[in-house]
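As provided, protein.cif (mmCIF, N, CA and C atoms) reads as follows.
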```
data_my_file
loop_
_atom_site.label_atom_id
_atom_site.label_comp_id
_atom_site.auth_asym_id
_atom_site.auth_seq_id
_atom_site.Cartn_x
_atom_site.Cartn_y
_atom_site.Cartn_z
N MET A 1 78.08 41.10 51.71
CA MET A 1 76.74 40.99 51.22
C MET A 1 75.94 40.08 52.16
N GLU A 2 74.71 40.47 52.44
CA GLU A 2 73.84 39.64 53.28
C GLU A 2 73.24 38.52 52.47
N LYS A 3 72.98 37.38 53.14
CA LYS A 3 72.41 36.21 52.48
C LYS A 3 71.26 35.65 53.29
N VAL A 4 70.38 34.97 52.64
CA VAL A 4 69.26 34.31 53.29
C VAL A 4 69.75 33.00 53.92
N ASP A 5 69.37 32.72 55.16
CA ASP A 5 69.73 31.47 55.82
C ASP A 5 68.76 30.34 55.48
N GLY A 6 67.57 30.70 55.07
CA GLY A 6 66.54 29.72 54.75
C GLY A 6 65.22 30.44 54.60
N PHE A 7 64.17 29.71 54.37
CA PHE A 7 62.86 30.34 54.32
C PHE A 7 61.86 29.46 55.06
N GLY A 8 60.83 30.06 55.58
CA GLY A 8 59.91 29.37 56.47
C GLY A 8 58.79 28.63 55.81
N GLY A 9 58.55 28.84 54.53
CA GLY A 9 57.48 28.11 53.89
C GLY A 9 57.32 28.50 52.44
N PHE A 10 56.56 27.69 51.76
CA PHE A 10 56.26 27.93 50.35
C PHE A 10 54.76 27.76 50.20
N PHE A 11 54.06 28.81 49.88
CA PHE A 11 52.61 28.81 49.85
C PHE A 11 52.13 28.94 48.41
N PHE A 12 51.15 28.12 48.03
CA PHE A 12 50.63 28.15 46.67
C PHE A 12 49.18 27.69 46.67
N ARG A 13 48.48 27.98 45.59
CA ARG A 13 47.08 27.62 45.47
C ARG A 13 46.93 26.23 44.88
N ALA A 14 45.83 25.55 45.23
CA ALA A 14 45.52 24.23 44.67
C ALA A 14 44.02 24.07 44.58
N LYS A 15 43.56 23.33 43.58
CA LYS A 15 42.12 23.09 43.44
C LYS A 15 41.60 22.26 44.61
N ASP A 16 42.40 21.29 45.08
CA ASP A 16 42.00 20.43 46.19
C ASP A 16 43.17 20.34 47.17
N PRO A 17 43.32 21.35 48.06
CA PRO A 17 44.48 21.40 48.96
C PRO A 17 44.66 20.15 49.83
N LYS A 18 43.57 19.60 50.32
CA LYS A 18 43.66 18.41 51.19
C LYS A 18 44.23 17.23 50.42
N ALA A 19 43.70 16.98 49.21
CA ALA A 19 44.19 15.87 48.40
C ALA A 19 45.66 16.07 48.01
N LEU A 20 46.03 17.30 47.67
CA LEU A 20 47.41 17.58 47.30
C LEU A 20 48.34 17.39 48.49
N ALA A 21 47.94 17.86 49.67
CA ALA A 21 48.75 17.68 50.87
C ALA A 21 48.91 16.19 51.19
N ASP A 22 47.83 15.42 51.01
CA ASP A 22 47.91 13.96 51.24
C ASP A 22 48.89 13.31 50.26
N TRP A 23 48.85 13.75 48.99
CA TRP A 23 49.77 13.21 47.99
C TRP A 23 51.22 13.52 48.36
N TYR A 24 51.48 14.76 48.73
CA TYR A 24 52.85 15.15 49.12
C TYR A 24 53.33 14.32 50.31
N GLN A 25 52.44 14.06 51.25
CA GLN A 25 52.83 13.28 52.42
C GLN A 25 53.10 11.82 52.03
N ARG A 26 52.21 11.24 51.26
CA ARG A 26 52.33 9.83 50.88
C ARG A 26 53.53 9.57 49.97
N HIS A 27 53.75 10.43 48.97
CA HIS A 27 54.78 10.17 47.97
C HIS A 27 56.12 10.84 48.25
N LEU A 28 56.12 11.96 48.96
CA LEU A 28 57.36 12.70 49.19
C LEU A 28 57.76 12.80 50.66
N GLY A 29 56.88 12.33 51.56
CA GLY A 29 57.20 12.37 52.98
C GLY A 29 57.12 13.74 53.60
N ILE A 30 56.40 14.66 52.94
CA ILE A 30 56.26 16.02 53.46
C ILE A 30 54.97 16.11 54.27
N ASP A 31 55.09 16.35 55.55
CA ASP A 31 53.90 16.45 56.40
C ASP A 31 53.10 17.69 56.06
N PRO A 32 51.77 17.59 56.14
CA PRO A 32 50.95 18.78 55.88
C PRO A 32 51.18 19.87 56.92
N ALA A 33 50.84 21.09 56.55
CA ALA A 33 50.98 22.21 57.48
C ALA A 33 50.12 21.96 58.71
N PRO A 34 50.62 22.26 59.89
CA PRO A 34 49.82 22.07 61.11
C PRO A 34 48.63 23.03 61.15
N GLY A 35 47.61 22.64 61.87
CA GLY A 35 46.41 23.46 61.98
C GLY A 35 46.55 24.62 62.95
N GLY A 36 47.63 24.66 63.70
CA GLY A 36 47.85 25.73 64.67
C GLY A 36 49.31 25.79 65.08
N TYR A 37 49.63 26.71 65.96
CA TYR A 37 51.02 26.92 66.36
C TYR A 37 51.56 25.79 67.22
N SER A 38 50.70 25.00 67.83
CA SER A 38 51.20 23.91 68.67
C SER A 38 51.52 22.66 67.85
N GLY A 39 51.08 22.62 66.59
CA GLY A 39 51.36 21.47 65.73
C GLY A 39 52.78 21.49 65.22
N ARG A 40 53.22 20.34 64.79
CA ARG A 40 54.58 20.22 64.28
C ARG A 40 54.55 20.27 62.76
N CYS A 41 55.48 20.98 62.15
CA CYS A 41 55.54 21.06 60.69
C CYS A 41 56.70 20.20 60.18
N TRP A 42 56.73 20.02 58.86
CA TRP A 42 57.77 19.23 58.21
C TRP A 42 59.11 19.91 58.36
N GLU A 43 60.14 19.12 58.67
CA GLU A 43 61.50 19.63 58.76
C GLU A 43 62.40 18.82 57.86
N GLN A 44 63.26 19.50 57.13
CA GLN A 44 64.18 18.83 56.24
C GLN A 44 65.49 18.53 56.95
N ALA A 45 66.19 17.52 56.44
CA ALA A 45 67.55 17.30 56.89
C ALA A 45 68.40 18.43 56.30
N PRO A 46 69.45 18.84 56.96
CA PRO A 46 70.28 19.90 56.39
C PRO A 46 70.75 19.53 54.99
N GLY A 47 70.69 20.48 54.12
CA GLY A 47 71.12 20.24 52.76
C GLY A 47 70.56 21.28 51.81
N ALA A 48 70.86 21.10 50.57
CA ALA A 48 70.48 22.08 49.56
C ALA A 48 68.98 22.04 49.27
N THR A 49 68.44 23.19 48.95
CA THR A 49 67.07 23.33 48.48
C THR A 49 67.14 24.14 47.20
N ILE A 50 66.59 23.61 46.12
CA ILE A 50 66.62 24.30 44.83
C ILE A 50 65.44 25.25 44.75
N PHE A 51 65.69 26.47 44.36
CA PHE A 51 64.65 27.45 44.08
C PHE A 51 64.90 27.93 42.68
N ALA A 52 64.09 27.42 41.72
CA ALA A 52 64.35 27.70 40.31
C ALA A 52 63.04 28.06 39.61
N PRO A 53 62.72 29.34 39.48
CA PRO A 53 61.53 29.73 38.75
C PRO A 53 61.67 29.37 37.27
N PHE A 54 60.55 28.97 36.68
CA PHE A 54 60.51 28.63 35.26
C PHE A 54 59.64 29.64 34.53
N ALA A 55 59.88 29.81 33.25
CA ALA A 55 59.03 30.67 32.43
C ALA A 55 57.60 30.13 32.44
N GLN A 56 56.63 30.99 32.36
CA GLN A 56 55.24 30.61 32.46
C GLN A 56 54.83 29.60 31.38
N ASP A 57 55.46 29.64 30.21
CA ASP A 57 55.10 28.72 29.13
C ASP A 57 55.97 27.47 29.06
N THR A 58 56.72 27.17 30.13
CA THR A 58 57.56 25.98 30.18
C THR A 58 56.70 24.72 30.16
N GLU A 59 57.10 23.75 29.35
CA GLU A 59 56.41 22.46 29.32
C GLU A 59 57.09 21.50 30.23
#
```

Go through the file and emit its structure as structure tokens.
Amino acid sequence: MEKVDGFGGFFFRAKDPKALADWYQRHLGIDPAPGGYSGRCWEQAPGATIFAPFAQDTE
């Protein structure tokens, strides 16, 4: 069976993308997406990444 080795990004909508990206950088150490192909993006240390969808009505 074939398996995914990883994924290149996670894209989602936000009311204030700049403020949210700043929060992620300040509190979680995740660099914002680069403005072009020459910019550097956030890289994780090797390890597990959880991908767990929740029901739409989850609290």

For region 19-23 of chain A: contacts at 7 Å, all atoms listed in the file, fewer than 6 positions along chain excluded, given as a list in words:
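Using all atoms listed in the file, the neighbours found are Gly29, Ile30, Asp31, Pro32 and Ala33 of chain A.
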
Residues from last step as file, N, CA and C atoms, as an mmCIF file, keeping the file's coordinate frame:
```
data_model
loop_
_atom_site.group_PDB
_atom_site.id
_atom_site.type_symbol
_atom_site.label_atom_id
_atom_site.label_comp_id
_atom_site.auth_asym_id
_atom_site.auth_seq_id
_atom_site.Cartn_x
_atom_site.Cartn_y
_atom_site.Cartn_z
ATOM 1 N N GLY A 29 56.880 12.330 51.560
ATOM 2 C CA GLY A 29 57.200 12.370 52.980
ATOM 3 C C GLY A 29 57.120 13.740 53.600
ATOM 4 N N ILE A 30 56.400 14.660 52.940
ATOM 5 C CA ILE A 30 56.260 16.020 53.460
ATOM 6 C C ILE A 30 54.970 16.110 54.270
ATOM 7 N N ASP A 31 55.090 16.350 55.550
ATOM 8 C CA ASP A 31 53.900 16.450 56.400
ATOM 9 C C ASP A 31 53.100 17.690 56.060
ATOM 10 N N PRO A 32 51.770 17.590 56.140
ATOM 11 C CA PRO A 32 50.950 18.780 55.880
ATOM 12 C C PRO A 32 51.180 19.870 56.920
ATOM 13 N N ALA A 33 50.840 21.090 56.550
ATOM 14 C CA ALA A 33 50.980 22.210 57.480
ATOM 15 C C ALA A 33 50.120 21.960 58.710
#
```

Taking the DSSP assignment computed from this structure's backbone, write out as a count of residues only all residues of chain A that belong to alpha helix (DSSP H).
12

Do you have the CA of Lys18 (chain A)-CA of Pro34 (chain A) distance handy?
12.2 Å

Mind giving me the straight-line distance from CA of Phe51 (chain A) to atom N of Gly8 (chain A) in Å, one decimal?
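Between these atoms lies a distance of 12.4 Å.
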